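For reference, the structure discussed in these notes is given below.
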Amino acid sequence: MSVDQKMADTFSAQEFLYREADLLDARQYREWLDLLTDDIHYWMPIRRTMTAGEIDDEFTKPGGMAFFDDDKKTLRLRVERMYVGRAWAEDPPSRTRRLITNIRVIESSETEMATRCNFKLYRTRLNSEEDSWMGRREDVLRRVDGDLRLARRYIYLEQTVVLSQNLSSLF
Amino acid sequence: MAGLNANEQSSWFDPETGLLDRRVFSDADIYQRELSHIFARAWNFVAHESQVAEAGQYFMSYIGEDEVIVVRDRAGKIQVLLNSCTHRGNTVCRAELGKTRSFLCSYHGWNYDLDGSLIGMPGEDEFYRRNLDKSEWGLNHAAQVESYRGFVFATMDPAAPPLEEYLGWVGRLGLDMLASKGELEVLDGIHKNRIQCNWKLAVDNLYDWYHVKVSHGSAFRLNLMDDVSMSQLQQKVILGAYGHGIGGPHLTAEEFARLTDRVQAQQGDPEWFDYQAGWRVDANVQEKLGPVGKLSMGHPNIFPNLWVALTNQVCLRIPRGPLETELWWITLLPKGMDEASRRSAIYGANHFFGPAGFLEQDDGENWSHSTRGAKGEVTKRHPVNLSMGLGQDQMTHHVSGQASIDSVVSEHGQRWTYENWQAWLQSGSWDELKILKPAIPQDAV
């Protein structure tokens, strides 16, 4: 990949990832959903504390147990949940801030880009509730009509036991 | 009251009124008493046999706040060992699960075999000068370990009755409602998360079919739940000795007959409800569950803290102090399940419960704020109300010996839980508990 191409890809990937993080922080969930391809796979495996000798097994595998293992239909339900009422984990709504960093384009073709990034998602609710999640993501961005769409998101959280009462935020 | 210091309060729940002192959800002394009088005495679920199928396979579990290693030893026996070096108390195992040849303490190198026996340590000859009897310094064991249909339980109390007697027909039925699906195997990956709530709020909620339409209102509005399978008008509550119970919706005999017809005529994928209940149509399963049990679509709780859920899962509500609870969702599927059913079962297990589940996201909100409501100095002086249905229902006895309360939504299950919980706290020993345990109501409830 030429340096020019790599810079152009990285810039467009950054712009896309910042834009969708902004939409989630602004609670514009339906607009966020529009940035996903219809065949999206959105997945957060379960992580376990393992010995150094068995650390290769620390994450569960695709197709098995996971915190998120969502297709577009399931993500649409998560989004619509925010609008139907009586979704108490988000009413009053959480206040969130997403920091997306260390963005790199790992592979690039005419149709897709495979990216890596780190994230911090800070959430506070009500007067004193705080949650902080850090991790890395592997996102596949697809080139659609001159723009990008999220086609795959794998989310690797640093926590094993999730130290919060729910995962009602999107990553 | 037996077993109690006269200066101590020993009554927090009044079964005559259904009023519960809310300090039981926040008080540190009551919590310590729960650890000593309930968790250190009861049979606690610690693992499923499939999690430790081979010698050396281990799984870290809890009995109250005591960390235990569940491990298959070289002789094929399942051991439940306190995770604490007998030398200085350091943990000898720090992973959640894995496979090992021995447990080596990272502090001074005391090394324990899979059955807990002390194999050796550095300086056995030179420093201890052969003056330490290794046979006396193995890891401490649970007093008793037994399995029921693959579910491994352990008790720290040598005086506890045998597991099957402890479970009684209700506890066994609760486990049968999952075990009768086939030869179960735990799926890799347990949802674990922490909620700032007292563990009992997470337990009694499983009998609570009053909350579903409000707490989980968003799921109803998204058509993930419906009034038929979540019927609040057609409920069955089953009460078992020592505090076990099963509560929730049930099928009528006519509905069971219609389910049988549908299952027998079925082509292609069944609807969700038939998928959840259809396996009960099998003659052997019907016999195992019995005439009352086969109709129950409710939630069993194996006292103190194991919920057997309809989603092919069990959930432990593990205490982490009076104000914090860890939830563990363990998913068990029958071996040999066809691929489509397996995918559907995994989808259900991943999406209903767990911290990101469509139902459970909202539960933590209520339990943590109910716990908060037990902290205010003045607020906590006011009891909470568990009176729904009190004195208004009848126990129905079946010729099989099974019995249930068939009525609308009620708080019979919650009252039974707290009445038994209180007897556990008031009892100084298993002998006292056997005397003090509440009698199962025979007629009016």
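Just so we're on the same page: first chain in the structure tokens is A, next is B, and so on; residues restart at 1 for each chain, and ligands are numbered from 1 in the order they show up.
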
Near stretch 87-103 of chain A, counting only C-alpha atoms, which residues have an atom at most 9 Å away, once you skip same-chain residues fewer than 4 positions from it, shown as a JSON list (two decimals) with C-alpha atoms, in the first residue's frame?
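To be explicit, this is the file written out as around30.json:
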[["chain", "number", "residue", "atom", "x", "y", "z"],
["A", 10, "THR", "CA", -6.54, 6.05, 7.79],
["A", 13, "ALA", "CA", -11.47, 5.41, 8.77],
["A", 14, "GLN", "CA", -10.80, 7.93, 11.56],
["A", 17, "LEU", "CA", -15.13, 6.02, 13.62],
["A", 18, "TYR", "CA", -15.25, 9.47, 15.24],
["A", 21, "ALA", "CA", -18.86, 7.51, 18.27],
["A", 22, "ASP", "CA", -20.31, 11.02, 18.30],
["A", 24, "LEU", "CA", -23.73, 7.20, 20.12],
["A", 25, "ASP", "CA", -22.62, 9.83, 22.64],
["A", 26, "ALA", "CA", -25.37, 12.12, 21.32],
["A", 27, "ARG", "CA", -27.88, 9.25, 21.68],
["A", 81, "ARG", "CA", -35.37, -0.32, 23.03],
["A", 82, "MET", "CA", -34.12, 3.21, 23.63],
["A", 83, "TYR", "CA", -37.29, 4.69, 22.13],
["A", 115, "THR", "CA", -9.08, -1.49, 11.16],
["A", 116, "ARG", "CA", -7.91, -1.70, 14.74],
["A", 117, "CYS", "CA", -8.47, 0.81, 17.48],
["A", 118, "ASN", "CA", -8.54, 1.19, 21.23],
["A", 119, "PHE", "CA", -11.48, 2.66, 23.05],
["A", 120, "LYS", "CA", -12.47, 4.03, 26.36],
["A", 121, "LEU", "CA", -16.18, 4.26, 27.06],
["A", 122, "TYR", "CA", -17.00, 6.27, 30.15],
["A", 123, "ARG", "CA", -20.55, 6.16, 31.45],
["A", 124, "THR", "CA", -22.14, 8.01, 34.31],
["A", 125, "ARG", "CA", -25.74, 7.74, 35.39],
["A", 126, "LEU", "CA", -27.94, 9.52, 37.88],
["A", 166, "ASN", "CA", -25.31, -3.98, 32.90],
["A", 168, "SER", "CA", -26.71, -1.18, 28.19],
["A", 169, "SER", "CA", -24.32, 0.97, 26.13],
["A", 171, "PHE", "CA", -19.47, -0.03, 21.95],
["B", 215, "SER", "CA", -39.43, -3.87, 34.77],
["B", 216, "HIS", "CA", -39.26, -5.55, 31.39],
["B", 217, "GLY", "CA", -41.82, -3.28, 29.76],
["B", 218, "SER", "CA", -39.42, -2.51, 26.92],
["B", 219, "ALA", "CA", -39.15, -6.22, 26.07],
["B", 361, "GLN", "CA", -30.21, -4.90, 31.71],
["B", 362, "ASP", "CA", -33.11, -3.42, 33.62],
["B", 363, "ASP", "CA", -33.15, -5.78, 36.62],
["B", 364, "GLY", "CA", -29.92, -4.47, 38.10],
["B", 365, "GLU", "CA", -31.37, -0.99, 38.10],
["B", 366, "ASN", "CA", -34.25, -2.05, 40.38]]

Set the distance at 7 Å and use only C-alpha atoms: which residues neighbour stretch 179-189 of chain B once local chain neighbours fewer than 5 positions away are removed? I'd like the list as a list in words. Ile46, Thr60 and Met65 of chain A; Ser50, Gln51, Arg149, Trp279, Val285, Ile330, Thr331, Leu332, Leu333, Pro334 and Lys335 of chain B

Would you mind exporting N, CA and C atoms of the selected residues as a PDB file, in the first residue's frame?
ATOM      1  N   ILE A  46     -16.723 -13.360  25.698  1.00  0.00           N
ATOM      2  CA  ILE A  46     -16.480 -13.374  27.145  1.00  0.00           C
ATOM      3  C   ILE A  46     -14.998 -13.659  27.355  1.00  0.00           C
ATOM      4  N   THR A  60     -13.881 -16.411  24.517  1.00  0.00           N
ATOM      5  CA  THR A  60     -14.757 -17.402  23.896  1.00  0.00           C
ATOM      6  C   THR A  60     -14.720 -17.209  22.382  1.00  0.00           C
ATOM      7  N   MET A  65     -20.833 -18.663  23.503  1.00  0.00           N
ATOM      8  CA  MET A  65     -21.328 -17.678  24.448  1.00  0.00           C
ATOM      9  C   MET A  65     -20.570 -16.360  24.276  1.00  0.00           C
TER      10      MET A  65
ATOM     11  N   SER B  50     -19.546 -31.643  33.738  1.00  0.00           N
ATOM     12  CA  SER B  50     -18.924 -31.502  32.424  1.00  0.00           C
ATOM     13  C   SER B  50     -17.830 -30.430  32.421  1.00  0.00           C
ATOM     14  N   GLN B  51     -17.827 -29.545  33.417  1.00  0.00           N
ATOM     15  CA  GLN B  51     -16.782 -28.512  33.488  1.00  0.00           C
ATOM     16  C   GLN B  51     -15.463 -29.087  33.974  1.00  0.00           C
ATOM     17  N   ARG B 149     -27.600 -35.585  39.194  1.00  0.00           N
ATOM     18  CA  ARG B 149     -27.749 -35.544  37.733  1.00  0.00           C
ATOM     19  C   ARG B 149     -26.724 -34.605  37.080  1.00  0.00           C
ATOM     20  N   TRP B 279     -40.100 -30.453  24.899  1.00  0.00           N
ATOM     21  CA  TRP B 279     -39.352 -31.614  25.356  1.00  0.00           C
ATOM     22  C   TRP B 279     -40.047 -32.320  26.516  1.00  0.00           C
ATOM     23  N   VAL B 285     -39.900 -38.091  30.501  1.00  0.00           N
ATOM     24  CA  VAL B 285     -39.757 -36.773  31.129  1.00  0.00           C
ATOM     25  C   VAL B 285     -40.993 -36.470  31.977  1.00  0.00           C
ATOM     26  N   ILE B 330     -24.544 -19.721  33.719  1.00  0.00           N
ATOM     27  CA  ILE B 330     -23.906 -20.922  33.173  1.00  0.00           C
ATOM     28  C   ILE B 330     -24.895 -21.595  32.229  1.00  0.00           C
ATOM     29  N   THR B 331     -24.494 -21.809  30.999  1.00  0.00           N
ATOM     30  CA  THR B 331     -25.394 -22.341  29.975  1.00  0.00           C
ATOM     31  C   THR B 331     -25.110 -23.820  29.747  1.00  0.00           C
ATOM     32  N   LEU B 332     -26.160 -24.631  29.774  1.00  0.00           N
ATOM     33  CA  LEU B 332     -26.010 -26.088  29.634  1.00  0.00           C
ATOM     34  C   LEU B 332     -26.919 -26.584  28.522  1.00  0.00           C
ATOM     35  N   LEU B 333     -26.344 -27.233  27.510  1.00  0.00           N
ATOM     36  CA  LEU B 333     -27.159 -27.768  26.424  1.00  0.00           C
ATOM     37  C   LEU B 333     -26.975 -29.281  26.353  1.00  0.00           C
ATOM     38  N   PRO B 334     -28.049 -29.982  25.926  1.00  0.00           N
ATOM     39  CA  PRO B 334     -27.916 -31.434  25.769  1.00  0.00           C
ATOM     40  C   PRO B 334     -26.929 -31.764  24.650  1.00  0.00           C
ATOM     41  N   LYS B 335     -26.138 -32.793  24.878  1.00  0.00           N
ATOM     42  CA  LYS B 335     -25.235 -33.272  23.814  1.00  0.00           C
ATOM     43  C   LYS B 335     -26.080 -33.776  22.655  1.00  0.00           C
TER      44      LYS B 335
END

Name all residues at most 8 Å from stretch 95-104 of chain B (count only C-alpha atoms; drop same-chain ones fewer than 5 positions away) and give them as a PyMOL selection string. (chain A and resi 48-51+54) or (chain B and resi 56-60+109-114)

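The shortest atom-to-atom distance to A:Glu158, with only C-alpha atoms taken into account, belongs to A:Trp133 out of A:Trp133, A:Phe16, A:Tyr42, A:Phe59.
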
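For the atom pair formed by atom CA of A:Glu80 and atom CA of B:Leu222, the distance is 7.8 Å, given to one decimal.
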